[in-house]
There are 2 protein chains.
Amino acid sequence: MEPITIKDVAKICGVGVSTVSRAINNHPDINQETKDRIIQVIKENHYVPNNSARNLKRSEARTIAVLIKGISNPFFARMIQILEEEIQKKKYSFVLHRVDEKEDEVDVAVELIKEKRLKGIIFLGGFFTHSREKLQQLTVPYVLSTVGILNTGEEKEPLDYSSVSVDDFEESYKMVDYLCSLGHKDILILASCEDDESIGALRLAGYQKALKDHHIPFRQDHCIYMDESIQTYSMENGYACMKRALVEKLSFTAVYAVSDSTAIGACRALIEAGRRIPQDVSVAGFDGLDIARFYHPSLTTIRQPVEKMAYATIRLLFNEIKKGSGHQQLVFPAELVIGESTRACGPEGASIAPRAI
Amino acid sequence: MEPITIKDVAKICGVGVSTVSRAINNHPDINQETKDRIIQVIKENHYVPNNSARNLKRSEARTIAVLIKGISNPFFARMIQILEEEIQKKKYSFVLHRVDEKEDEVDVAVELIKEKRLKGIIFLGGFFTHSREKLQQLTVPYVLSTVGILNTGEEKEPLDYSSVSVDDFEESYKMVDYLCSLGHKDILILASCEDDESIGALRLAGYQKALKDHHIPFRQDHCIYMDESIQTYSMENGYACMKRALVEKLSFTAVYAVSDSTAIGACRALIEAGRRIPQDVSVAGFDGLDIARFYHPSLTTIRQPVEKMAYATIRLLFNEIKKGSGHQQLVFPAELVIGESTRACGPEGASIAPRAI
């Protein structure tokens, strides 16, 4: 059955199309009785007004874009899921836009604001080192969510943006401090790419600081950078990193991977090389994905409060959109979750000689 | 620096704004010399025309919506990633819209077509039992991707839609046939929800058919349905299902979970109960996620060619959009990947007595 049109409604009511239109749009210039009859007919026939201009205005005015760097990380999958649900609940449209590693997210956003006439933007992942001038090009409310933000030390001025994050430096410190407290001295870090200036760099800095505070010298060869030809933070990359470290016969008693996926890839490589976790090597991750809990051995990790962070992102954004609220920077505490994958370093010394592989 | 406006360009050129507009829009009614000068000034000053109406037309006309049921499955995360990349490459916008389990996806799509004036739609996941009349409400090209489609046996008429899928029934059959061929007779299935009419139902039917062909009676108590209060196909649900089966002291030598995530949750519950995989229990999954490969023991699974399926989805959709091509139904073969998590059933018989838990 063809859907009923405004012309059909007009015909049934014995009035002109413009009269039906006036009834729909609550125009004052229409007889109440006629209006009631038209509304009645509309209801009875399940007519859906299809005024392009009106729909256009409504839909165009109600779009939120999520710009994301590093879309493949399962951590973001959960974030996106919640953001999408919440945006949909508020009757806004959700546009997802991936930003390439080398692209400038602010330039991309400025272009999207123009094209889509967005109501708001959420930046997910990546790193922000843009100047105040640059950020002023963003003419709609936006929130930086789980974006690495460099602490420039110029914090006296009020910040120009809202953000939601954990303190990647502090949380990373917390994990490495824990490993050191277990007696580990030879701790490999599976860091992000070498030229990373994002959260990966902050997590590496936290590792270095914790070593320093435990009087353990930082060794460049203990810092395994991800393979840039493989997706960053992936299991595959963790596997490749660990294989490399094993081939190089590095001596270590613990491995700290800057994401849970990387850690699980590393576990696979260790197990294939005959190393037991945690008896021979302790392994720790970061993020607190579900897999950390269900993996065997369960993974010691830093659990980011991903749900809370996603809801807070939405709250800050809509406060700015609807109430014109000022900027807020929320830093959520993450939790050190001690799993089965780490244990105290054996009495035979910090270093267990690598087995033949 | 404020971006340059059309007024600034007009001022610099000493002409009116409408003349600049005519130059930009390649209007015939303008002196060539004037036009050249205006274009020159535009270039020198990096003026970006910001004609709302034109931008509107361009952006509005170039949106593809992806409607998804079951957004949390990591299998879809990879699909979405590729779809988003490809749609972006083609300079279209990507709108992601989650459809609730109980919502009618065609109704949602019809509403979106109107509001967003979409160029195309991709349905991801879920199940399609809509009538021909219903589908005719979809006035733009669309592709059903990894959607369970009931084989009604009325295949003689040409189908009204394009689709990309694996044969969930056949692939599920393949897995259970393999387990039977290893000598397993007591095979639990961790099926989807009891009222599932989607791919979960097809996979369950494949299990039943394989048992039948191996002359193994189907036992209702060997069919563990997912907990509807927990996300379907999740690790958590697999864990809960397996816990239930263990509490009920069911006797089994193999577990077939209809998704890899469910299988990994099940493994965790088995390990916590002191069962070794595969020595005590063989475990198999479905999907072929990365985690199946990196998990220890690596998981026997059905690997869906997710990349190929995503690219094919885009190809079919854009063939219809750009070339008006007819409908095509592509069924991709999936691969039985034999991992470390399954092995032949011991000589002591098909059934290993359940241990105390």
# chains A, B, ... in the order shown; residues from 1 in each chain; ligands from 1
$ residues_around --residues "Ala263 (chain B)" --least-positions-apart "4" --cutoff "9 Å" --atoms "only C-alpha atoms" --output "number ranges by chain"
B: 190, 234-235, 238-239, 255-259, 267-268, 283-286, 299
$ select_by_dssp --residues "region 195-353 of chain A" --states "alpha helix (DSSP H)" --output "PDB file with N, CA and C atoms, in the first residue's frame"
ATOM      1  N   ILE A 199      48.570   9.484  24.471  1.00  0.00           N
ATOM      2  CA  ILE A 199      48.509   8.794  25.757  1.00  0.00           C
ATOM      3  C   ILE A 199      49.625   7.759  25.901  1.00  0.00           C
ATOM      4  N   GLY A 200      50.079   7.203  24.794  1.00  0.00           N
ATOM      5  CA  GLY A 200      51.173   6.234  24.845  1.00  0.00           C
ATOM      6  C   GLY A 200      52.429   6.861  25.442  1.00  0.00           C
ATOM      7  N   ALA A 201      52.679   8.097  25.074  1.00  0.00           N
ATOM      8  CA  ALA A 201      53.852   8.807  25.592  1.00  0.00           C
ATOM      9  C   ALA A 201      53.691   9.086  27.082  1.00  0.00           C
ATOM     10  N   LEU A 202      52.477   9.426  27.493  1.00  0.00           N
ATOM     11  CA  LEU A 202      52.221   9.694  28.912  1.00  0.00           C
ATOM     12  C   LEU A 202      52.417   8.423  29.743  1.00  0.00           C
ATOM     13  N   ARG A 203      51.982   7.284  29.181  1.00  0.00           N
ATOM     14  CA  ARG A 203      52.133   6.024  29.918  1.00  0.00           C
ATOM     15  C   ARG A 203      53.608   5.622  30.011  1.00  0.00           C
ATOM     16  N   LEU A 204      54.341   5.889  28.957  1.00  0.00           N
ATOM     17  CA  LEU A 204      55.782   5.616  28.988  1.00  0.00           C
ATOM     18  C   LEU A 204      56.457   6.504  30.033  1.00  0.00           C
ATOM     19  N   ALA A 205      56.055   7.750  30.105  1.00  0.00           N
ATOM     20  CA  ALA A 205      56.644   8.679  31.080  1.00  0.00           C
ATOM     21  C   ALA A 205      56.356   8.211  32.512  1.00  0.00           C
ATOM     22  N   GLY A 206      55.145   7.678  32.727  1.00  0.00           N
ATOM     23  CA  GLY A 206      54.793   7.158  34.049  1.00  0.00           C
ATOM     24  C   GLY A 206      55.676   5.975  34.430  1.00  0.00           C
ATOM     25  N   TYR A 207      55.961   5.136  33.463  1.00  0.00           N
ATOM     26  CA  TYR A 207      56.863   3.985  33.658  1.00  0.00           C
ATOM     27  C   TYR A 207      58.250   4.470  34.076  1.00  0.00           C
ATOM     28  N   GLN A 208      58.751   5.469  33.360  1.00  0.00           N
ATOM     29  CA  GLN A 208      60.101   5.974  33.634  1.00  0.00           C
ATOM     30  C   GLN A 208      60.191   6.587  35.032  1.00  0.00           C
ATOM     31  N   LYS A 209      59.141   7.321  35.375  1.00  0.00           N
ATOM     32  CA  LYS A 209      59.147   7.985  36.685  1.00  0.00           C
ATOM     33  C   LYS A 209      59.117   6.943  37.821  1.00  0.00           C
ATOM     34  N   ALA A 210      58.326   5.906  37.658  1.00  0.00           N
ATOM     35  CA  ALA A 210      58.226   4.883  38.705  1.00  0.00           C
ATOM     36  C   ALA A 210      59.560   4.160  38.874  1.00  0.00           C
ATOM     37  N   LEU A 211      60.203   3.838  37.750  1.00  0.00           N
ATOM     38  CA  LEU A 211      61.525   3.211  37.835  1.00  0.00           C
ATOM     39  C   LEU A 211      62.469   4.109  38.618  1.00  0.00           C
ATOM     40  N   LYS A 212      62.460   5.372  38.249  1.00  0.00           N
ATOM     41  CA  LYS A 212      63.368   6.334  38.880  1.00  0.00           C
ATOM     42  C   LYS A 212      63.140   6.374  40.393  1.00  0.00           C
ATOM     43  N   ASP A 213      61.883   6.440  40.787  1.00  0.00           N
ATOM     44  CA  ASP A 213      61.567   6.504  42.213  1.00  0.00           C
ATOM     45  C   ASP A 213      61.966   5.228  42.948  1.00  0.00           C
ATOM     46  N   MET A 235      46.383  -6.860  19.612  1.00  0.00           N
ATOM     47  CA  MET A 235      46.977  -8.108  20.080  1.00  0.00           C
ATOM     48  C   MET A 235      48.137  -8.487  19.171  1.00  0.00           C
ATOM     49  N   GLU A 236      47.912  -8.297  17.877  1.00  0.00           N
ATOM     50  CA  GLU A 236      48.928  -8.663  16.902  1.00  0.00           C
ATOM     51  C   GLU A 236      50.220  -7.886  17.145  1.00  0.00           C
ATOM     52  N   ASN A 237      50.079  -6.615  17.479  1.00  0.00           N
ATOM     53  CA  ASN A 237      51.261  -5.799  17.721  1.00  0.00           C
ATOM     54  C   ASN A 237      51.965  -6.234  19.009  1.00  0.00           C
ATOM     55  N   GLY A 238      51.203  -6.574  20.029  1.00  0.00           N
ATOM     56  CA  GLY A 238      51.791  -7.060  21.273  1.00  0.00           C
ATOM     57  C   GLY A 238      52.567  -8.353  21.049  1.00  0.00           C
ATOM     58  N   TYR A 239      51.980  -9.204  20.199  1.00  0.00           N
ATOM     59  CA  TYR A 239      52.625 -10.471  19.854  1.00  0.00           C
ATOM     60  C   TYR A 239      53.949 -10.202  19.138  1.00  0.00           C
ATOM     61  N   ALA A 240      53.913  -9.290  18.171  1.00  0.00           N
ATOM     62  CA  ALA A 240      55.118  -8.969  17.392  1.00  0.00           C
ATOM     63  C   ALA A 240      56.201  -8.354  18.282  1.00  0.00           C
ATOM     64  N   CYS A 241      55.805  -7.449  19.159  1.00  0.00           N
ATOM     65  CA  CYS A 241      56.760  -6.804  20.084  1.00  0.00           C
ATOM     66  C   CYS A 241      57.450  -7.848  20.953  1.00  0.00           C
ATOM     67  N   MET A 242      56.651  -8.746  21.502  1.00  0.00           N
ATOM     68  CA  MET A 242      57.176  -9.738  22.434  1.00  0.00           C
ATOM     69  C   MET A 242      58.109 -10.708  21.716  1.00  0.00           C
ATOM     70  N   LYS A 243      57.718 -11.091  20.503  1.00  0.00           N
ATOM     71  CA  LYS A 243      58.572 -11.972  19.699  1.00  0.00           C
ATOM     72  C   LYS A 243      59.945 -11.331  19.506  1.00  0.00           C
ATOM     73  N   ARG A 244      59.928 -10.034  19.197  1.00  0.00           N
ATOM     74  CA  ARG A 244      61.167  -9.291  18.967  1.00  0.00           C
ATOM     75  C   ARG A 244      62.037  -9.328  20.227  1.00  0.00           C
ATOM     76  N   ALA A 245      61.390  -9.066  21.362  1.00  0.00           N
ATOM     77  CA  ALA A 245      62.137  -9.050  22.629  1.00  0.00           C
ATOM     78  C   ALA A 245      62.724 -10.426  22.929  1.00  0.00           C
ATOM     79  N   LEU A 246      61.990 -11.477  22.573  1.00  0.00           N
ATOM     80  CA  LEU A 246      62.467 -12.840  22.838  1.00  0.00           C
ATOM     81  C   LEU A 246      63.629 -13.194  21.921  1.00  0.00           C
ATOM     82  N   VAL A 247      63.520 -12.778  20.683  1.00  0.00           N
ATOM     83  CA  VAL A 247      64.602 -13.033  19.723  1.00  0.00           C
ATOM     84  C   VAL A 247      65.879 -12.334  20.179  1.00  0.00           C
ATOM     85  N   ASP A 260      45.585  -3.616  27.254  1.00  0.00           N
ATOM     86  CA  ASP A 260      45.274  -5.020  27.536  1.00  0.00           C
ATOM     87  C   ASP A 260      45.424  -5.889  26.294  1.00  0.00           C
ATOM     88  N   SER A 261      44.996  -5.374  25.154  1.00  0.00           N
ATOM     89  CA  SER A 261      45.109  -6.157  23.924  1.00  0.00           C
ATOM     90  C   SER A 261      46.566  -6.479  23.641  1.00  0.00           C
ATOM     91  N   THR A 262      47.423  -5.483  23.785  1.00  0.00           N
ATOM     92  CA  THR A 262      48.852  -5.690  23.585  1.00  0.00           C
ATOM     93  C   THR A 262      49.370  -6.742  24.560  1.00  0.00           C
ATOM     94  N   ALA A 263      48.908  -6.672  25.788  1.00  0.00           N
ATOM     95  CA  ALA A 263      49.350  -7.624  26.814  1.00  0.00           C
ATOM     96  C   ALA A 263      48.973  -9.054  26.427  1.00  0.00           C
ATOM     97  N   ILE A 264      47.778  -9.229  25.892  1.00  0.00           N
ATOM     98  CA  ILE A 264      47.326 -10.583  25.540  1.00  0.00           C
ATOM     99  C   ILE A 264      48.116 -11.133  24.357  1.00  0.00           C
ATOM    100  N   GLY A 265      48.431 -10.266  23.407  1.00  0.00           N
ATOM    101  CA  GLY A 265      49.309 -10.678  22.314  1.00  0.00           C
ATOM    102  C   GLY A 265      50.673 -11.094  22.850  1.00  0.00           C
ATOM    103  N   ALA A 266      51.171 -10.329  23.813  1.00  0.00           N
ATOM    104  CA  ALA A 266      52.474 -10.633  24.416  1.00  0.00           C
ATOM    105  C   ALA A 266      52.425 -11.970  25.152  1.00  0.00           C
ATOM    106  N   CYS A 267      51.343 -12.230  25.863  1.00  0.00           N
ATOM    107  CA  CYS A 267      51.191 -13.505  26.578  1.00  0.00           C
ATOM    108  C   CYS A 267      51.312 -14.674  25.609  1.00  0.00           C
ATOM    109  N   ARG A 268      50.655 -14.531  24.467  1.00  0.00           N
ATOM    110  CA  ARG A 268      50.686 -15.611  23.481  1.00  0.00           C
ATOM    111  C   ARG A 268      52.124 -15.912  23.060  1.00  0.00           C
ATOM    112  N   ALA A 269      52.880 -14.853  22.783  1.00  0.00           N
ATOM    113  CA  ALA A 269      54.273 -15.044  22.355  1.00  0.00           C
ATOM    114  C   ALA A 269      55.091 -15.682  23.470  1.00  0.00           C
ATOM    115  N   LEU A 270      54.862 -15.272  24.717  1.00  0.00           N
ATOM    116  CA  LEU A 270      55.588 -15.840  25.859  1.00  0.00           C
ATOM    117  C   LEU A 270      55.262 -17.322  26.017  1.00  0.00           C
ATOM    118  N   ILE A 271      53.971 -17.640  25.923  1.00  0.00           N
ATOM    119  CA  ILE A 271      53.545 -19.034  26.095  1.00  0.00           C
ATOM    120  C   ILE A 271      54.141 -19.912  24.990  1.00  0.00           C
ATOM    121  N   GLU A 272      54.125 -19.382  23.767  1.00  0.00           N
ATOM    122  CA  GLU A 272      54.724 -20.146  22.652  1.00  0.00           C
ATOM    123  C   GLU A 272      56.211 -20.386  22.885  1.00  0.00           C
ATOM    124  N   ASP A 290      37.052  -6.204  29.261  1.00  0.00           N
ATOM    125  CA  ASP A 290      36.442  -7.452  29.727  1.00  0.00           C
ATOM    126  C   ASP A 290      37.403  -8.626  29.603  1.00  0.00           C
ATOM    127  N   ILE A 291      38.156  -8.642  28.521  1.00  0.00           N
ATOM    128  CA  ILE A 291      39.025  -9.791  28.280  1.00  0.00           C
ATOM    129  C   ILE A 291      40.070  -9.943  29.391  1.00  0.00           C
ATOM    130  N   ALA A 292      40.445  -8.853  30.028  1.00  0.00           N
ATOM    131  CA  ALA A 292      41.420  -8.922  31.123  1.00  0.00           C
ATOM    132  C   ALA A 292      40.876  -9.794  32.249  1.00  0.00           C
ATOM    133  N   ARG A 293      39.581  -9.741  32.449  1.00  0.00           N
ATOM    134  CA  ARG A 293      38.919 -10.474  33.519  1.00  0.00           C
ATOM    135  C   ARG A 293      38.713 -11.940  33.131  1.00  0.00           C
ATOM    136  N   PHE A 294      38.418 -12.172  31.840  1.00  0.00           N
ATOM    137  CA  PHE A 294      38.068 -13.526  31.410  1.00  0.00           C
ATOM    138  C   PHE A 294      39.269 -14.322  30.907  1.00  0.00           C
ATOM    139  N   VAL A 306      35.253   3.200  32.058  1.00  0.00           N
ATOM    140  CA  VAL A 306      34.839   3.576  30.705  1.00  0.00           C
ATOM    141  C   VAL A 306      33.377   4.039  30.654  1.00  0.00           C
ATOM    142  N   GLU A 307      32.499   3.351  31.371  1.00  0.00           N
ATOM    143  CA  GLU A 307      31.092   3.767  31.361  1.00  0.00           C
ATOM    144  C   GLU A 307      30.952   5.175  31.944  1.00  0.00           C
ATOM    145  N   LYS A 308      31.534   5.354  33.117  1.00  0.00           N
ATOM    146  CA  LYS A 308      31.448   6.674  33.764  1.00  0.00           C
ATOM    147  C   LYS A 308      31.995   7.767  32.858  1.00  0.00           C
ATOM    148  N   MET A 309      33.116   7.467  32.197  1.00  0.00           N
ATOM    149  CA  MET A 309      33.741   8.469  31.344  1.00  0.00           C
ATOM    150  C   MET A 309      32.858   8.800  30.143  1.00  0.00           C
ATOM    151  N   ALA A 310      32.210   7.779  29.605  1.00  0.00           N
ATOM    152  CA  ALA A 310      31.333   8.017  28.452  1.00  0.00           C
ATOM    153  C   ALA A 310      30.125   8.863  28.869  1.00  0.00           C
ATOM    154  N   TYR A 311      29.508   8.509  30.002  1.00  0.00           N
ATOM    155  CA  TYR A 311      28.344   9.279  30.458  1.00  0.00           C
ATOM    156  C   TYR A 311      28.750  10.720  30.787  1.00  0.00           C
ATOM    157  N   ALA A 312      29.919  10.880  31.388  1.00  0.00           N
ATOM    158  CA  ALA A 312      30.377  12.230  31.736  1.00  0.00           C
ATOM    159  C   ALA A 312      30.620  13.057  30.482  1.00  0.00           C
ATOM    160  N   THR A 313      31.147  12.418  29.448  1.00  0.00           N
ATOM    161  CA  THR A 313      31.390  13.112  28.182  1.00  0.00           C
ATOM    162  C   THR A 313      30.083  13.693  27.638  1.00  0.00           C
ATOM    163  N   ILE A 314      29.055  12.860  27.645  1.00  0.00           N
ATOM    164  CA  ILE A 314      27.739  13.297  27.173  1.00  0.00           C
ATOM    165  C   ILE A 314      27.202  14.429  28.050  1.00  0.00           C
ATOM    166  N   ARG A 315      27.365  14.264  29.368  1.00  0.00           N
ATOM    167  CA  ARG A 315      26.824  15.265  30.291  1.00  0.00           C
ATOM    168  C   ARG A 315      27.480  16.626  30.060  1.00  0.00           C
ATOM    169  N   LEU A 316      28.796  16.637  29.960  1.00  0.00           N
ATOM    170  CA  LEU A 316      29.495  17.904  29.754  1.00  0.00           C
ATOM    171  C   LEU A 316      29.071  18.543  28.433  1.00  0.00           C
ATOM    172  N   LEU A 317      28.995  17.720  27.395  1.00  0.00           N
ATOM    173  CA  LEU A 317      28.657  18.260  26.080  1.00  0.00           C
ATOM    174  C   LEU A 317      27.258  18.876  26.083  1.00  0.00           C
ATOM    175  N   PHE A 318      26.291  18.148  26.636  1.00  0.00           N
ATOM    176  CA  PHE A 318      24.917  18.658  26.597  1.00  0.00           C
ATOM    177  C   PHE A 318      24.703  19.815  27.581  1.00  0.00           C
ATOM    178  N   ASN A 319      25.485  19.842  28.648  1.00  0.00           N
ATOM    179  CA  ASN A 319      25.429  21.026  29.512  1.00  0.00           C
ATOM    180  C   ASN A 319      25.850  22.267  28.738  1.00  0.00           C
ATOM    181  N   GLU A 320      26.872  22.118  27.917  1.00  0.00           N
ATOM    182  CA  GLU A 320      27.324  23.273  27.122  1.00  0.00           C
ATOM    183  C   GLU A 320      26.311  23.634  26.040  1.00  0.00           C
ATOM    184  N   ILE A 321      25.764  22.593  25.392  1.00  0.00           N
ATOM    185  CA  ILE A 321      24.823  22.845  24.296  1.00  0.00           C
ATOM    186  C   ILE A 321      23.536  23.479  24.827  1.00  0.00           C
ATOM    187  N   LYS A 322      22.997  22.911  25.900  1.00  0.00           N
ATOM    188  CA  LYS A 322      21.657  23.317  26.336  1.00  0.00           C
ATOM    189  C   LYS A 322      21.663  24.438  27.355  1.00  0.00           C
ATOM    190  N   LYS A 323      22.678  24.419  28.220  1.00  0.00           N
ATOM    191  CA  LYS A 323      22.652  25.421  29.289  1.00  0.00           C
ATOM    192  C   LYS A 323      23.768  26.438  29.132  1.00  0.00           C
TER     193      LYS A 323
END
$ closest_residue --among "B:Thr232, B:Ser181, B:Ser165, B:Ser298" --to "Phe332 (chain B)" --atoms "only C-alpha atoms"
B:Ser165
$ residues_around --residues "Cys180 (chain A)" --least-positions-apart "5" --cutoff "9 Å" --atoms "only C-alpha atoms" --output "PyMOL selection string"
chain A and resi 175+185-187+210-211+214+216
$ select_by_dssp --residues "region 125-261 of chain B" --states "strand (DSSP E)" --output "list of chain:residue names"
B:Phe127, B:Phe128, B:Tyr142, B:Val143, B:Leu144, B:Ser145, B:Gly148, B:Ile149, B:Ser162, B:Ser163, B:Val164, B:Ser165, B:Val166, B:Ile187, B:Leu188, B:Ile189, B:Leu190, B:Ala191, B:Cys223, B:Ile224, B:Tyr225, B:Ala254, B:Val255, B:Tyr256, B:Ala257
$ write_last_selection --atoms "C-alpha atoms" --output "compact mmCIF listing (two decimals), in the first residue's frame"
# COMPACT_ATOMS: atom_id res chain seq x y z
CA PHE B 127 17.15 -10.80 11.34
CA PHE B 128 14.95 -10.09 8.40
CA TYR B 142 20.32 -1.01 0.87
CA VAL B 143 22.34 -4.11 1.68
CA LEU B 144 21.68 -6.68 4.38
CA SER B 145 25.07 -7.53 5.80
CA GLY B 148 20.10 -13.78 9.44
CA ILE B 149 17.76 -14.42 6.53
CA SER B 162 21.17 -7.38 -1.85
CA SER B 163 22.83 -9.28 0.94
CA VAL B 164 26.22 -10.37 2.21
CA SER B 165 26.51 -13.22 4.66
CA VAL B 166 27.91 -16.59 5.47
CA ILE B 187 28.23 -31.69 23.06
CA LEU B 188 26.75 -28.74 24.90
CA ILE B 189 25.68 -25.82 22.78
CA LEU B 190 25.79 -22.34 24.24
CA ALA B 191 23.07 -20.97 21.99
CA CYS B 223 21.09 -26.57 24.84
CA ILE B 224 22.10 -23.71 27.14
CA TYR B 225 20.40 -20.47 26.22
CA ALA B 254 32.67 -30.74 24.30
CA VAL B 255 31.19 -27.26 24.35
CA TYR B 256 30.20 -25.42 21.21
CA ALA B 257 29.56 -21.72 21.78
$ closest_residue --among "B:Leu336, B:Ala77, B:Ile87, B:Leu179" --to "chain A" --atoms "only C-alpha atoms"
B:Ala77
$ closest_residue --among "A:Arg276, A:His184, A:Lys7, A:Lys102" --to "chain B" --atoms "only C-alpha atoms"
A:Arg276
$ closest_residue --among "B:Phe252, B:Tyr161, B:Tyr173, B:Tyr295" --to "chain A" --atoms "only C-alpha atoms"
B:Tyr295
$ atom_distance --atom1 "CA of Leu138 (chain B)" --atom2 "CA of Asp168 (chain B)"
25.7 Å
$ residues_around --residues "Val106 (chain B)" --least-positions-apart "5" --cutoff "12 Å" --atoms "only C-alpha atoms" --output "list in words"
Leu67, Ile68, Val99, Glu111, Leu112, Ile113, Ile121, Ile122, Phe123, Gly126, Phe127, Phe128, Thr129, His130, Ser131, Arg132, Glu133, Lys134, Leu135, Gln136, Gln137, Leu138, Thr139, Val140, Tyr142 and Leu144 of chain B
$ atom_distance --atom1 "CA of Gly120 (chain A)" --atom2 "CA of Ala65 (chain A)"
6.6 Å
$ decode --residues "region 225-241 of chain A" --atoms "N, CA and C atoms" --output "PDB file, in the first residue's frame"
ATOM      1  N   TYR A 225      59.039  -0.610  21.266  1.00  0.00           N
ATOM      2  CA  TYR A 225      58.020   0.201  20.591  1.00  0.00           C
ATOM      3  C   TYR A 225      57.190  -0.656  19.651  1.00  0.00           C
ATOM      4  N   MET A 226      55.943  -0.292  19.501  1.00  0.00           N
ATOM      5  CA  MET A 226      55.083  -1.055  18.600  1.00  0.00           C
ATOM      6  C   MET A 226      55.531  -0.903  17.156  1.00  0.00           C
ATOM      7  N   ASP A 227      55.180  -1.914  16.413  1.00  0.00           N
ATOM      8  CA  ASP A 227      55.482  -1.950  14.988  1.00  0.00           C
ATOM      9  C   ASP A 227      54.485  -1.039  14.271  1.00  0.00           C
ATOM     10  N   GLU A 228      55.003  -0.033  13.578  1.00  0.00           N
ATOM     11  CA  GLU A 228      54.095   0.948  12.966  1.00  0.00           C
ATOM     12  C   GLU A 228      53.309   0.391  11.787  1.00  0.00           C
ATOM     13  N   SER A 229      53.759  -0.755  11.282  1.00  0.00           N
ATOM     14  CA  SER A 229      53.042  -1.330  10.139  1.00  0.00           C
ATOM     15  C   SER A 229      51.853  -2.172  10.602  1.00  0.00           C
ATOM     16  N   ILE A 230      51.723  -2.355  11.905  1.00  0.00           N
ATOM     17  CA  ILE A 230      50.609  -3.132  12.474  1.00  0.00           C
ATOM     18  C   ILE A 230      49.751  -2.182  13.304  1.00  0.00           C
ATOM     19  N   GLN A 231      48.450  -2.467  13.356  1.00  0.00           N
ATOM     20  CA  GLN A 231      47.560  -1.610  14.124  1.00  0.00           C
ATOM     21  C   GLN A 231      48.066  -1.405  15.557  1.00  0.00           C
ATOM     22  N   THR A 232      48.143  -0.141  15.954  1.00  0.00           N
ATOM     23  CA  THR A 232      48.633   0.187  17.288  1.00  0.00           C
ATOM     24  C   THR A 232      47.719  -0.411  18.355  1.00  0.00           C
ATOM     25  N   TYR A 233      48.284  -0.782  19.471  1.00  0.00           N
ATOM     26  CA  TYR A 233      47.540  -1.303  20.633  1.00  0.00           C
ATOM     27  C   TYR A 233      46.820  -2.626  20.366  1.00  0.00           C
ATOM     28  N   SER A 234      47.097  -3.281  19.247  1.00  0.00           N
ATOM     29  CA  SER A 234      46.393  -4.525  18.935  1.00  0.00           C
ATOM     30  C   SER A 234      47.103  -5.732  19.544  1.00  0.00           C
ATOM     31  N   MET A 235      46.383  -6.860  19.612  1.00  0.00           N
ATOM     32  CA  MET A 235      46.977  -8.108  20.080  1.00  0.00           C
ATOM     33  C   MET A 235      48.137  -8.487  19.171  1.00  0.00           C
ATOM     34  N   GLU A 236      47.912  -8.297  17.877  1.00  0.00           N
ATOM     35  CA  GLU A 236      48.928  -8.663  16.902  1.00  0.00           C
ATOM     36  C   GLU A 236      50.220  -7.886  17.145  1.00  0.00           C
ATOM     37  N   ASN A 237      50.079  -6.615  17.479  1.00  0.00           N
ATOM     38  CA  ASN A 237      51.261  -5.799  17.721  1.00  0.00           C
ATOM     39  C   ASN A 237      51.965  -6.234  19.009  1.00  0.00           C
ATOM     40  N   GLY A 238      51.203  -6.574  20.029  1.00  0.00           N
ATOM     41  CA  GLY A 238      51.791  -7.060  21.273  1.00  0.00           C
ATOM     42  C   GLY A 238      52.567  -8.353  21.049  1.00  0.00           C
ATOM     43  N   TYR A 239      51.980  -9.204  20.199  1.00  0.00           N
ATOM     44  CA  TYR A 239      52.625 -10.471  19.854  1.00  0.00           C
ATOM     45  C   TYR A 239      53.949 -10.202  19.138  1.00  0.00           C
ATOM     46  N   ALA A 240      53.913  -9.290  18.171  1.00  0.00           N
ATOM     47  CA  ALA A 240      55.118  -8.969  17.392  1.00  0.00           C
ATOM     48  C   ALA A 240      56.201  -8.354  18.282  1.00  0.00           C
ATOM     49  N   CYS A 241      55.805  -7.449  19.159  1.00  0.00           N
ATOM     50  CA  CYS A 241      56.760  -6.804  20.084  1.00  0.00           C
ATOM     51  C   CYS A 241      57.450  -7.848  20.953  1.00  0.00           C
TER      52      CYS A 241
END
